[in-house]
>>> print(open('upload_5.csv').read())   # CSV, C-alpha atoms
chain,number,residue,atom,x,y,z
A,28,MET,CA,86.1,135.9,138.3
A,29,ALA,CA,86.5,132.6,136.8
A,30,ALA,CA,86.6,129.6,139.1
A,31,GLY,CA,90.1,128.7,140.2
A,32,ARG,CA,91.7,131.9,138.9
A,33,ASP,CA,92.6,135.1,140.8
A,34,TRP,CA,93.0,137.2,137.6
A,35,MET,CA,91.1,137.8,134.4
A,36,LEU,CA,91.7,139.4,131.1
A,37,PRO,CA,89.5,142.6,130.8
A,38,ASP,CA,88.1,141.6,127.4
A,39,ASP,CA,88.9,139.9,124.2
A,40,GLY,CA,90.0,143.2,122.5
A,41,PRO,CA,89.1,144.7,119.2
A,42,ALA,CA,90.6,141.8,117.1
A,43,PRO,CA,91.2,138.1,117.6
A,44,LEU,CA,94.6,137.2,118.9
A,45,PRO,CA,96.9,135.0,116.8
A,46,ALA,CA,96.9,131.4,117.7
A,47,ALA,CA,100.5,131.5,119.1
A,48,TRP,CA,99.9,134.7,121.0
A,49,LEU,CA,100.4,133.4,124.5
A,50,GLY,CA,103.7,131.7,123.6
A,51,ARG,CA,104.9,134.9,121.9
A,52,VAL,CA,104.1,137.1,124.9
A,53,ASN,CA,105.5,134.7,127.4
A,54,GLY,CA,108.6,133.8,125.4
A,55,ALA,CA,112.1,135.2,125.9
A,56,GLU,CA,113.2,138.1,123.7
A,57,THR,CA,116.4,137.9,121.6
A,58,GLU,CA,119.2,140.4,122.2
A,59,ALA,CA,118.2,142.1,118.9
A,60,GLU,CA,114.6,142.4,120.1
A,61,LEU,CA,115.7,143.8,123.5
A,62,ALA,CA,118.0,146.4,121.7
A,63,ALA,CA,115.1,147.4,119.4
A,64,LEU,CA,112.7,147.7,122.4
A,65,ARG,CA,115.2,149.8,124.4
A,66,CYS,CA,115.7,152.1,121.4
A,67,SER,CA,111.9,152.5,121.0
A,68,VAL,CA,111.6,153.4,124.7
A,69,ALA,CA,114.5,155.9,124.5
A,70,ARG,CA,112.9,157.6,121.5
A,71,GLY,CA,109.3,157.4,122.6
A,72,SER,CA,108.5,155.6,119.4
A,73,PRO,CA,106.2,152.6,118.7
A,74,PHE,CA,107.8,149.2,119.0
A,75,GLY,CA,107.1,147.0,116.1
A,76,GLU,CA,108.1,146.0,112.6
A,77,GLY,CA,107.9,147.5,109.1
A,78,PRO,CA,105.2,149.9,108.0
A,79,TRP,CA,103.2,149.4,111.2
A,80,VAL,CA,105.6,151.6,113.1
A,81,GLY,CA,105.2,154.5,110.6
A,82,ARG,CA,101.4,154.2,110.5
A,83,THR,CA,101.2,154.0,114.3
A,84,ALA,CA,103.6,156.9,114.8
A,85,LYS,CA,101.6,159.0,112.4
A,86,HIS,CA,98.3,158.1,114.0
A,87,LEU,CA,99.6,159.0,117.5
A,88,GLY,CA,101.3,162.2,116.3
A,89,LEU,CA,104.7,160.8,116.9
A,90,GLU,CA,106.0,161.0,113.3
A,91,SER,CA,109.5,162.3,114.2
A,92,THR,CA,110.2,159.6,116.9
A,93,PRO,CA,111.2,156.7,114.6
A,94,TRP,CA,114.1,158.6,113.2
A,95,ARG,CA,117.5,159.3,114.7
A,96,GLN,CA,118.2,162.7,116.0
A,97,GLY,CA,120.4,165.1,114.0
A,98,ARG,CA,121.1,165.5,110.3
A,99,PRO,CA,121.0,162.5,108.1
A,100,GLN,CA,124.5,161.3,107.2
A,101,LYS,CA,125.8,162.1,103.7
A,102,THR,CA,126.1,159.2,101.3
A,103,MET,CA,129.3,158.7,99.3
A,104,ALA,CA,127.6,160.2,96.2
A,105,GLU,CA,126.6,163.4,98.1
A,106,GLY,CA,130.1,163.8,99.7
A,107,ALA,CA,131.8,163.6,96.3
A,108,LYS,CA,130.1,166.8,95.0
>>> encode(input="upload_5.csv", output="structure tokens")
Amino acid sequence: MAAGRDWMLPDDGPAPLPAAWLGRVNGAETEAELAALRCSVARGSPFGEGPWVGRTAKHLGLESTPWRQGRPQKTMAEGAK
């Protein structure tokens, strides 16, 4: 262990961390972020933004988890048929 510390990071990881990583990890989440995180946990889907979620879900075999359960709602155009 490093002198003066009782913990250590296991390694640097596969890619360098962003410059503001420590602040982001230790910062408080907004209510919207907490709601999105809770939704991801409830669905068992990856937590993140944009296309990363789809790519990660596909890679992990979780392709159905980002979507809501049940049939998709009809749009106004479909309902008018």
>>> atom_distance(input="upload_5.csv", atom1="atom CA of His86 of chain A", atom2="atom CA of Pro45 of chain A")
23.3 Å
>>> atom_distance(input="upload_5.csv", atom1="atom CA of Glu60 of chain A", atom2="atom CA of Glu90 of chain A")
21.6 Å
>>> atom_distance(input="upload_5.csv", atom1="atom CA of Glu56 of chain A", atom2="atom CA of Ala69 of chain A")
17.9 Å
>>> residues_around(input="upload_5.csv", residues="Val80 of chain A", least_positions_apart="3", cutoff="12 Å", atoms="only C-alpha atoms", output="list of chain:residue names")
A:Ser67, A:Gly71, A:Ser72, A:Pro73, A:Phe74, A:Gly75, A:Glu76, A:Gly77, A:Thr83, A:Ala84, A:Lys85, A:His86, A:Leu87, A:Gly88, A:Leu89, A:Glu90, A:Ser91, A:Thr92, A:Pro93, A:Trp94
>>> write_last_selection(input="upload_5.csv", atoms="C-alpha atoms", output="mmCIF file, in the frame of the given file")
data_model
loop_
_atom_site.group_PDB
_atom_site.id
_atom_site.type_symbol
_atom_site.label_atom_id
_atom_site.label_comp_id
_atom_site.auth_asym_id
_atom_site.auth_seq_id
_atom_site.Cartn_x
_atom_site.Cartn_y
_atom_site.Cartn_z
ATOM 1 C CA SER A 67 111.900 152.500 121.000
ATOM 2 C CA GLY A 71 109.300 157.400 122.600
ATOM 3 C CA SER A 72 108.500 155.600 119.400
ATOM 4 C CA PRO A 73 106.200 152.600 118.700
ATOM 5 C CA PHE A 74 107.800 149.200 119.000
ATOM 6 C CA GLY A 75 107.100 147.000 116.100
ATOM 7 C CA GLU A 76 108.100 146.000 112.600
ATOM 8 C CA GLY A 77 107.900 147.500 109.100
ATOM 9 C CA THR A 83 101.200 154.000 114.300
ATOM 10 C CA ALA A 84 103.600 156.900 114.800
ATOM 11 C CA LYS A 85 101.600 159.000 112.400
ATOM 12 C CA HIS A 86 98.300 158.100 114.000
ATOM 13 C CA LEU A 87 99.600 159.000 117.500
ATOM 14 C CA GLY A 88 101.300 162.200 116.300
ATOM 15 C CA LEU A 89 104.700 160.800 116.900
ATOM 16 C CA GLU A 90 106.000 161.000 113.300
ATOM 17 C CA SER A 91 109.500 162.300 114.200
ATOM 18 C CA THR A 92 110.200 159.600 116.900
ATOM 19 C CA PRO A 93 111.200 156.700 114.600
ATOM 20 C CA TRP A 94 114.100 158.600 113.200
#
